[in-house]
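A.B. asks: Hey, dropping coords-v9.txt in here, compact mmCIF, C-alpha atoms:
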```txt
# COMPACT_ATOMS: atom_id res chain seq x y z
CA MET Z 20 287.62 -11.77 38.03
CA THR Z 21 287.79 -11.66 41.79
CA ARG Z 22 284.62 -12.34 43.67
CA ARG Z 23 283.92 -9.79 46.33
CA ARG Z 24 283.70 -11.28 49.78
CA PRO Z 25 280.27 -10.68 51.31
CA ALA Z 26 280.23 -8.33 54.29
CA PRO Z 27 280.07 -10.29 57.54
CA ASP Z 28 276.91 -10.07 59.62
CA LEU Z 29 278.42 -8.20 62.54
CA PRO Z 30 276.31 -7.62 65.65
CA PRO Z 31 275.69 -4.04 66.81
CA PHE Z 32 278.82 -2.96 68.65
CA TRP Z 33 276.70 -1.91 71.61
CA THR Z 34 275.75 -5.54 72.29
CA LEU Z 35 279.46 -6.43 72.58
CA VAL Z 36 279.95 -3.59 75.06
CA GLU Z 37 276.86 -4.68 76.98
CA GLU Z 38 277.80 -8.36 77.09
CA HIS Z 39 281.56 -8.18 77.65
CA GLY Z 40 282.27 -4.65 78.93
CA ALA Z 41 282.33 -5.50 82.63
CA GLU Z 42 284.67 -8.49 82.27
CA LEU Z 43 286.93 -6.48 79.95
CA LEU Z 44 287.09 -3.73 82.58
CA ARG Z 45 288.17 -6.30 85.17
CA HIS Z 46 290.75 -7.65 82.70
CA ALA Z 47 292.09 -4.13 82.09
CA GLY Z 48 292.15 -3.61 85.86
CA ARG Z 49 294.36 -6.66 86.31
CA LEU Z 50 296.76 -5.26 83.71
CA VAL Z 51 296.93 -1.54 84.54
CA GLY Z 52 295.14 -1.08 87.88
CA ARG Z 53 293.39 2.23 88.43
CA GLU Z 54 293.71 3.33 84.83
CA ALA Z 55 291.49 0.51 83.65
CA GLU Z 56 288.64 2.77 82.47
CA ASP Z 57 290.98 4.89 80.34
CA VAL Z 58 292.51 1.79 78.80
CA LEU Z 59 289.14 0.19 78.15
CA GLN Z 60 287.81 3.33 76.48
CA GLU Z 61 290.86 3.48 74.21
CA ALA Z 62 290.50 -0.25 73.51
CA PHE Z 63 286.87 0.20 72.47
CA LEU Z 64 287.83 3.12 70.22
CA ARG Z 65 290.52 1.00 68.58
CA ALA Z 66 288.01 -1.78 68.12
CA LEU Z 67 285.50 0.66 66.61
CA ARG Z 68 288.09 1.88 64.11
CA SER Z 69 288.52 -1.58 62.68
CA TYR Z 70 285.14 -3.16 63.42
CA PRO Z 71 283.53 -2.56 59.99
CA THR Z 72 286.59 -4.03 58.26
CA LEU Z 73 286.56 -7.37 60.09
CA THR Z 74 286.33 -10.21 57.62
CA HIS Z 75 284.21 -12.36 59.93
CA GLY Z 76 282.17 -12.02 63.10
CA ASP Z 77 283.56 -15.04 64.95
CA HIS Z 78 285.18 -14.99 68.39
CA LEU Z 79 284.48 -11.29 68.92
CA ARG Z 80 284.83 -11.61 72.69
CA ALA Z 81 288.34 -13.04 72.32
CA TRP Z 82 289.14 -10.31 69.81
CA LEU Z 83 288.10 -7.62 72.33
CA TYR Z 84 290.28 -9.27 74.97
CA ARG Z 85 293.27 -9.08 72.63
CA VAL Z 86 292.56 -5.44 71.74
CA THR Z 87 292.26 -4.58 75.45
CA THR Z 88 295.50 -6.39 76.24
CA THR Z 89 297.52 -4.71 73.51
CA THR Z 90 296.01 -1.33 74.40
CA ALA Z 91 297.08 -1.85 78.03
CA PHE Z 92 300.56 -2.69 76.82
CA ASP Z 93 300.78 0.46 74.67
CA HIS Z 94 299.38 2.50 77.54
CA SER Z 95 302.07 1.21 79.89
CA LYS Z 96 304.81 1.87 77.33
CA ARG Z 97 303.63 5.46 76.93
CA ALA Z 98 303.42 5.91 80.69
CA LYS Z 99 306.99 4.64 81.07
CA ARG Z 100 308.26 7.10 78.48
CA GLU Z 101 306.24 9.97 79.99
CA ILE Z 102 306.78 12.09 76.90
CA PRO Z 103 303.83 14.36 76.19
CA THR Z 104 302.99 14.23 72.52
CA SER Z 105 300.25 15.27 70.13
CA VAL Z 106 301.07 12.40 67.78
CA PRO Z 107 298.27 9.79 67.70
CA PRO Z 108 299.08 6.85 69.97
CA GLU Z 109 300.61 3.73 68.54
CA GLY Z 110 297.90 1.50 67.17
CA ALA Z 111 295.63 4.40 66.17
CA VAL Z 112 295.43 2.83 62.73
CA TYR Z 113 294.52 -0.59 63.96
CA GLN Z 114 294.95 -3.63 61.77
CA PRO Z 115 292.36 -6.21 62.80
CA GLU Z 116 294.20 -9.09 61.12
CA ASP Z 117 297.35 -8.36 63.13
CA ASP Z 118 296.33 -6.96 66.46
CA GLY Z 119 299.81 -7.28 67.96
CA PHE Z 120 298.73 -9.84 70.51
CA ASP Z 121 301.08 -12.59 69.26
CA ALA Z 122 304.04 -10.22 69.49
CA LEU Z 123 302.92 -9.13 72.94
CA ILE Z 124 302.95 -12.65 74.39
CA ALA Z 125 305.94 -13.91 72.36
CA GLU Z 126 308.40 -13.31 75.19
CA LEU Z 127 306.37 -15.20 77.76
CA PRO Z 128 307.31 -18.78 78.66
CA GLU Z 129 305.51 -21.46 76.66
CA GLY Z 130 302.99 -22.37 79.37
CA PRO Z 131 301.46 -18.94 79.89
CA ARG Z 132 301.69 -18.25 76.15
CA THR Z 133 299.72 -21.39 75.39
CA VAL Z 134 296.90 -20.71 77.83
CA LEU Z 135 296.60 -17.06 76.75
CA THR Z 136 296.38 -18.18 73.13
CA MET Z 137 293.74 -20.78 73.97
CA ARG Z 138 291.67 -18.25 75.89
CA PHE Z 139 292.09 -15.04 73.87
CA VAL Z 140 292.86 -16.26 70.36
CA GLU Z 141 291.05 -19.58 70.06
CA ASP Z 142 288.29 -18.30 72.37
CA LEU Z 143 288.04 -21.62 74.23
CA SER Z 144 285.85 -21.92 77.31
CA TYR Z 145 287.50 -22.97 80.55
CA GLY Z 146 285.81 -26.35 80.14
CA ASP Z 147 287.34 -26.89 76.71
CA MET Z 148 290.71 -25.69 77.96
CA ALA Z 149 290.53 -28.18 80.83
CA LYS Z 150 289.95 -31.03 78.39
CA ARG Z 151 292.84 -30.01 76.19
CA LEU Z 152 295.22 -29.39 79.08
CA ASP Z 153 294.02 -32.52 80.87
CA CYS Z 154 293.31 -30.65 84.07
CA SER Z 155 290.28 -29.45 86.02
CA GLU Z 156 288.31 -26.37 85.01
CA VAL Z 157 289.45 -24.63 88.18
CA ALA Z 158 293.07 -25.36 87.29
CA ALA Z 159 292.50 -23.96 83.79
CA ARG Z 160 291.15 -20.73 85.31
CA GLN Z 161 294.13 -20.53 87.63
CA ARG Z 162 296.55 -20.99 84.73
CA VAL Z 163 294.90 -18.14 82.81
CA SER Z 164 295.00 -15.88 85.90
CA SER Z 165 298.64 -16.72 86.43
CA ALA Z 166 299.45 -16.03 82.77
CA VAL Z 167 297.69 -12.66 82.95
CA ARG Z 168 299.73 -11.82 86.07
CA LYS Z 169 302.90 -12.70 84.16
CA LEU Z 170 301.80 -10.52 81.28
CA ARG Z 171 301.17 -7.70 83.71
CA GLY Z 172 304.71 -8.21 84.96
CA GLU Z 173 305.88 -7.59 81.40
CA LEU Z 174 303.86 -4.38 81.29
CA THR Z 175 305.21 -2.84 84.48
CA MET D 23 277.56 -6.21 86.61
CA LYS D 24 277.21 -3.56 83.92
CA LEU D 25 279.50 -0.76 82.92
CA ASP D 26 278.75 2.60 84.48
CA PRO D 27 276.42 4.73 82.29
CA SER D 28 278.82 7.68 82.57
CA PHE D 29 281.57 5.49 81.08
CA LEU D 30 279.29 4.53 78.18
CA GLU D 31 278.43 8.18 77.64
CA ARG D 32 282.10 9.17 77.52
CA LEU D 33 282.85 6.32 75.15
CA SER D 34 280.04 7.36 72.80
CA ALA D 35 281.09 11.02 72.90
CA ALA D 36 284.69 10.10 72.02
CA ALA D 37 283.51 7.78 69.24
CA ILE D 38 281.21 10.43 67.78
CA ASP D 39 284.01 13.02 67.89
CA GLU D 40 286.13 10.66 65.79
CA GLY D 41 283.31 9.77 63.41
CA LEU D 42 283.27 6.18 64.65
CA ALA D 43 279.53 5.86 65.33
CA ASP D 44 277.19 4.72 62.57
CA VAL D 45 274.08 4.87 64.74
CA VAL D 46 273.37 6.19 68.24
CA PHE D 47 270.26 5.34 70.20
CA ASP D 48 268.54 5.86 73.51
CA SER D 49 265.09 5.36 75.01
CA VAL D 50 262.51 7.96 75.94
CA ASP D 51 259.37 7.71 78.08
CA THR D 52 256.33 9.01 76.22
CA PRO D 53 252.56 8.93 76.76
CA ILE D 54 252.41 5.85 74.51
CA GLY D 55 255.16 3.97 76.34
CA GLU D 56 258.90 3.79 76.20
CA LEU D 57 260.24 4.36 72.71
CA LEU D 58 263.67 3.56 71.35
CA VAL D 59 264.98 6.35 69.13
CA ALA D 60 267.93 5.79 66.84
CA GLN D 61 269.67 8.28 64.61
CA SER D 62 272.51 8.33 62.13
CA ALA D 63 274.52 11.27 60.87
CA SER D 64 271.68 11.88 58.37
CA GLY D 65 268.89 12.03 60.95
CA LEU D 66 266.30 9.97 62.78
CA CYS D 67 266.29 6.46 61.33
CA ARG D 68 264.14 4.39 63.68
CA VAL D 69 261.55 4.77 66.40
CA ALA D 70 260.68 1.43 68.00
CA PHE D 71 257.90 0.61 70.45
CA GLU D 72 258.69 -1.18 73.66
CA ASP D 73 257.15 -4.45 72.49
CA GLU D 74 259.62 -4.66 69.60
CA PRO D 75 262.65 -6.78 70.56
CA LYS D 76 265.48 -4.32 71.07
CA ASP D 77 268.13 -6.78 69.86
CA GLU D 78 266.30 -7.27 66.57
CA VAL D 79 265.80 -3.53 66.08
CA LEU D 80 269.50 -2.82 66.66
CA ALA D 81 270.62 -5.76 64.52
CA LYS D 82 268.58 -4.46 61.61
CA LEU D 83 270.08 -1.00 62.04
CA ALA D 84 273.56 -2.54 62.09
CA ARG D 85 272.90 -4.38 58.83
CA ALA D 86 271.27 -1.43 57.06
CA ILE D 87 273.44 1.48 58.21
CA GLY D 88 276.54 0.15 59.94
CA PRO D 89 277.56 -2.08 62.87
CA ARG D 90 279.00 0.69 65.03
CA VAL D 91 275.82 1.16 67.06
CA LEU D 92 276.25 2.94 70.39
CA VAL D 93 274.01 4.22 73.14
CA SER D 94 274.09 7.98 73.77
CA HIS D 95 271.81 10.07 75.94
CA ALA D 96 273.49 13.37 75.06
CA GLU D 97 273.64 12.86 71.32
CA THR D 98 269.94 11.94 71.05
CA GLU D 99 268.74 14.76 73.29
CA ALA D 100 267.38 16.98 70.51
CA THR D 101 265.48 14.09 68.96
CA ARG D 102 264.01 13.00 72.28
CA ASP D 103 262.99 16.57 73.08
CA SER D 104 261.30 16.93 69.69
CA LEU D 105 259.33 13.73 70.22
CA LEU D 106 258.22 14.78 73.70
CA ALA D 107 257.20 18.21 72.42
CA TYR D 108 255.22 16.50 69.68
CA PHE D 109 253.35 14.33 72.19
CA GLU D 110 252.63 17.39 74.30
CA GLY D 111 250.94 18.99 71.30
CA ASP D 112 253.60 21.54 70.51
CA PRO D 113 252.47 23.08 67.21
CA ALA D 114 256.06 23.69 66.16
CA THR D 115 257.34 21.67 63.23
CA PHE D 116 258.92 18.33 63.98
CA ASP D 117 262.15 19.71 62.65
CA ILE D 118 264.67 16.89 62.63
CA GLY D 119 266.23 15.18 59.65
CA ILE D 120 265.04 11.75 58.62
CA ASP D 121 267.31 8.94 57.44
CA PHE D 122 265.40 6.56 55.16
CA SER D 123 268.16 3.94 55.02
CA LEU D 124 265.84 1.25 56.40
CA VAL D 125 263.44 1.77 53.49
CA SER D 126 264.97 -0.25 50.68
CA SER D 127 262.58 0.49 47.80
CA GLU D 128 262.82 3.81 45.97
CA PHE D 129 259.04 3.84 45.51
CA GLN D 130 258.39 3.31 49.22
CA ARG D 131 260.90 5.99 50.11
CA LYS D 132 259.18 8.43 47.76
CA VAL D 133 255.78 7.62 49.31
CA LEU D 134 257.13 8.30 52.81
CA GLU D 135 258.80 11.54 51.78
CA THR D 136 255.55 12.70 50.17
CA LEU D 137 253.54 11.71 53.21
CA LEU D 138 255.81 13.70 55.49
CA ALA D 139 255.98 16.72 53.20
CA GLU D 140 252.35 16.99 52.13
CA VAL D 141 250.18 15.60 54.89
CA PRO D 142 250.68 17.72 57.99
CA ARG D 143 249.70 16.84 61.51
CA GLY D 144 245.93 16.67 61.98
CA GLU D 145 245.26 16.07 58.28
CA THR D 146 244.43 12.84 56.51
CA THR D 147 244.69 11.65 52.94
CA SER D 148 243.80 8.53 50.97
CA TYR D 149 246.09 5.93 49.46
CA GLY D 150 244.91 7.10 46.03
CA HIS D 151 245.80 10.73 46.67
CA LEU D 152 249.10 9.72 48.20
CA ALA D 153 249.98 7.59 45.17
CA ASP D 154 248.97 10.46 42.91
CA ALA D 155 251.09 12.98 44.82
CA THR D 156 254.02 10.60 44.62
CA GLY D 157 253.78 10.62 40.85
CA HIS D 158 252.44 7.07 40.59
CA PRO D 159 248.68 7.57 40.19
CA ARG D 160 248.07 3.90 39.38
CA ALA D 161 249.90 2.65 42.42
CA SER D 162 247.24 3.29 45.09
CA ARG D 163 246.83 -0.44 45.78
CA ALA D 164 250.57 -0.96 46.06
CA THR D 165 250.72 2.01 48.41
CA GLY D 166 247.86 0.59 50.48
CA ARG D 167 249.30 -2.92 50.57
CA TRP D 168 252.61 -1.63 51.84
CA GLY D 169 251.06 0.89 54.23
CA GLY D 170 248.63 -1.70 55.54
CA THR D 171 251.53 -3.61 57.05
CA ARG D 172 252.72 -0.52 58.88
CA SER D 173 249.60 0.60 60.68
CA ARG D 174 251.37 2.69 63.26
CA SER D 175 253.14 4.94 60.81
CA TRP D 176 250.18 5.25 58.45
CA CYS D 177 247.49 6.67 60.64
CA ARG D 178 247.19 9.79 58.47
CA VAL D 179 246.20 7.63 55.48
CA ILE D 180 242.70 6.18 55.11
CA GLY D 181 240.92 4.31 52.35
CA SER D 182 238.81 6.33 49.93
CA CYS D 183 235.92 3.81 49.77
CA PRO D 184 233.93 2.33 52.69
CA ALA D 185 235.46 -1.16 52.40
CA ALA D 186 238.98 0.20 52.26
CA GLU D 187 238.21 2.59 55.09
CA LEU D 188 237.04 -0.30 57.25
CA SER D 189 240.23 -2.16 56.42
CA ALA D 190 242.38 0.84 57.27
CA THR D 191 240.50 1.46 60.51
CA THR D 192 240.97 -2.16 61.51
CA ALA D 193 244.66 -1.94 60.81
CA VAL D 194 245.01 1.25 62.84
CA GLY D 195 242.89 -0.12 65.66
CA ARG D 196 245.10 -3.14 66.34
CA GLY D 197 246.26 -1.68 69.62
CA ALA D 198 245.51 1.11 72.03
CA ARG D 199 248.70 2.88 71.12
CA SER D 200 247.83 2.81 67.46
CA SER D 201 244.47 4.41 68.19
CA CYS D 202 246.26 7.02 70.25
CA CYS D 203 248.64 7.60 67.40
CA ASN D 204 245.65 7.95 65.04
CA SER D 205 244.03 10.60 67.20
CA ARG D 206 247.21 12.61 67.49
CA ALA D 207 248.44 12.31 63.95
```
Would you mind giving the structure from this file in C-alpha cells?

C.D. replies:
Amino acid sequence: MTRRRPAPDLPPFWTLVEEHGAELLRHAGRLVGREAEDVLQEAFLRALRSYPTLTHGDHLRAWLYRVTTTTAFDHSKRAKREIPTSVPPEGAVYQPEDDGFDALIAELPEGPRTVLTMRFVEDLSYGDMAKRLDCSEVAARQRVSSAVRKLRGELT
Amino acid sequence: MKLDPSFLERLSAAAIDEGLADVVFDSVDTPIGELLVAQSASGLCRVAFEDEPKDEVLAKLARAIGPRVLVSHAETEATRDSLLAYFEGDPATFDIGIDFSLVSSEFQRKVLETLLAEVPRGETTSYGHLADATGHPRASRATGRWGGTRSRSWCRVIGSCPAAELSATTAVGRGARSSCCNSRA
C-alpha cells in the first residue's frame, strides 16, 4: 500500500506576489526589457497552474525566479519566430519538477551556470554564496548580475 | 517597491479567466472599519475585521480552500457593494452565495445555514430554538458553546434564560463594533 504524501502547507500565492513581485519584475526587465510586465504576468500564470501540485513549499522565491527566467526565454523564442498562433504557448502545461531552467542554462560557461544555480536553484543568499565562492558579498552579486547578462545574451 | 495595482488586477483577471484562482479578496471601508472580504467560486467565504492579522486570515483560506489566493478589486465588487448596501440599511436581501468551507463540522455548518435562512435581519432567536430548527433539539448547549466563541457573527442569537442572556450580552458587548453589529443585525 502506498502512503499518500501529505499536501504541503503552501502560503497564499498573493503573499509570494507581494513579497517577490517587484524584484521579479526587475529580473524580467533585465532579460526582456520593456516587455517585462507581459513576461512576469505569464510567469505568474504558469506558476499558478502548477502551484497546487508542488510537493513542498521550500525555496519558493528561487522557484519563481526560475519560472520567470524560462518564461522570458520562451517569450524571446516566440518573438524571434514572429509566427502568430492560437496554439497555447510552450510551457502552458507546466511541470513544476522540471521547470526547464537546467536546460536553459546548460549552454552557459561553467562559472555563470554555477552562480545561477546557487542563486535560483539552491536559493542561497549572497552571503552564503560569498562563503562558498570564497569571495566578498559584493563580488557574489556582481557574478550573478554578469551571469544574468550572459543569459540575456542567449535570449536575444 | 510594490507592483502596480493595475498589474495585479490584470494578473487576477487573467487567472480567474483560466480558473486559476481558488480565492480572491479585497478590502472595503465600512462604518465598522475596514473589512477584508474573500470569496471563492462558491461564494463569500470570509469577512475579517481589521484587527485580525491579514496573513493569518489568508493562510487559513489557503489551507481550507486552496493556495491560489489573489487580490481582485473587480471580482469582489458585487460582494463589496452588497456589504455596503447592508450597512446603509438597504432592505434588499443580502443576495450573495456563501461558501462554508471554513466551517469544518457538519453540525456547525447546519446551524449557520439555519441561522441565515430562518432568522432574518432585525430578528433574534435563542440557542434552544436554533438547535431545534437545525433538527438537534438537545444540542442547545453545544450551539451556545460554539456560538459563544464567535460573538460577532452571533448577534442575532440570545440566551433564553436570564443567566444565559447575560452571558450572551457580555459576549456581544466585547467591543464597540460588536455592539454596532448587534444593533444592526

A.B. asks: Using all atoms listed in the file, find which residues of chain D lie within 9 Å of chain Z and jot them down as a list in words.

C.D. replies: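 So the residues of chain D near chain Z are Met23, Lys24, Leu25, Phe29, Leu30, Arg32, Leu33, Ala36, Ala37, Glu40, Leu42, Ala43, Asp77, Leu80, Ala81, Lys82, Leu83, Ala84, Arg85, Gly88, Pro89, Arg90, Val91, Leu92 and Val93 of chain D.
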
A.B. asks: For the residues selected in the previous step, produce a file with C-alpha atoms as a CSV table (one decimal), in the coordinates of the input.

C.D. replies:
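Printed below is result-v6.csv as written:
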```csv
chain,number,residue,atom,x,y,z
D,23,MET,CA,277.6,-6.2,86.6
D,24,LYS,CA,277.2,-3.6,83.9
D,25,LEU,CA,279.5,-0.8,82.9
D,29,PHE,CA,281.6,5.5,81.1
D,30,LEU,CA,279.3,4.5,78.2
D,32,ARG,CA,282.1,9.2,77.5
D,33,LEU,CA,282.8,6.3,75.2
D,36,ALA,CA,284.7,10.1,72.0
D,37,ALA,CA,283.5,7.8,69.2
D,40,GLU,CA,286.1,10.7,65.8
D,42,LEU,CA,283.3,6.2,64.6
D,43,ALA,CA,279.5,5.9,65.3
D,77,ASP,CA,268.1,-6.8,69.9
D,80,LEU,CA,269.5,-2.8,66.7
D,81,ALA,CA,270.6,-5.8,64.5
D,82,LYS,CA,268.6,-4.5,61.6
D,83,LEU,CA,270.1,-1.0,62.0
D,84,ALA,CA,273.6,-2.5,62.1
D,85,ARG,CA,272.9,-4.4,58.8
D,88,GLY,CA,276.5,0.2,59.9
D,89,PRO,CA,277.6,-2.1,62.9
D,90,ARG,CA,279.0,0.7,65.0
D,91,VAL,CA,275.8,1.2,67.1
D,92,LEU,CA,276.2,2.9,70.4
D,93,VAL,CA,274.0,4.2,73.1
```

A.B. asks: Which residues, written as a PyMOL selection string, have at least one atom at most 12 Å from Ser165 of chain Z, with only C-alpha atoms counted and residues fewer than 2 positions away on the same chain left out?

C.D. replies: chain Z and resi 49-50+127-128+130-132+134-135+158-163+167-172

A.B. asks: To one decimal in Å, tell me the separation between atom CA of Glu97 of chain D and atom CA of Leu134 of chain D.

C.D. replies: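 Here the two named atoms are 25.2 Å from each other.
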
A.B. asks: Can you find the residues with an atom no farther than 12 Å from (276.1, 13.1, 68.6), counting only C-alpha atoms, and report them as a ChimeraX atom specification?

C.D. replies: /D:31-48,60-66,92-101

A.B. asks: Produce the centre coordinates and the three edge lengths, each in Å to one decimal, of the box along x, y and z that contains all listed atoms of segment 48-52 of chain Z with 4 Å added on each side, as lines of an AutoDock Vina configuration file.

C.D. replies:
```
center_x = 294.5
center_y = -3.9
center_z = 85.8
size_x = 12.8
size_y = 13.6
size_z = 12.2
```

A.B. asks: Work out how far apart atom CA of Pro53 of chain D and atom CA of Glu140 of chain D are and give it in Å to one decimal.

C.D. replies: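 Computed distance, atom CA of Pro53 of chain D to atom CA of Glu140 of chain D, equals 25.9 Å.
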
A.B. asks: Please report the interatomic distance between atom CA of Asp26 of chain D and atom CA of Lys76 of chain D in Å with one decimal.

C.D. replies: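 Going from atom CA of Asp26 of chain D over to atom CA of Lys76 of chain D covers 20.1 Å.
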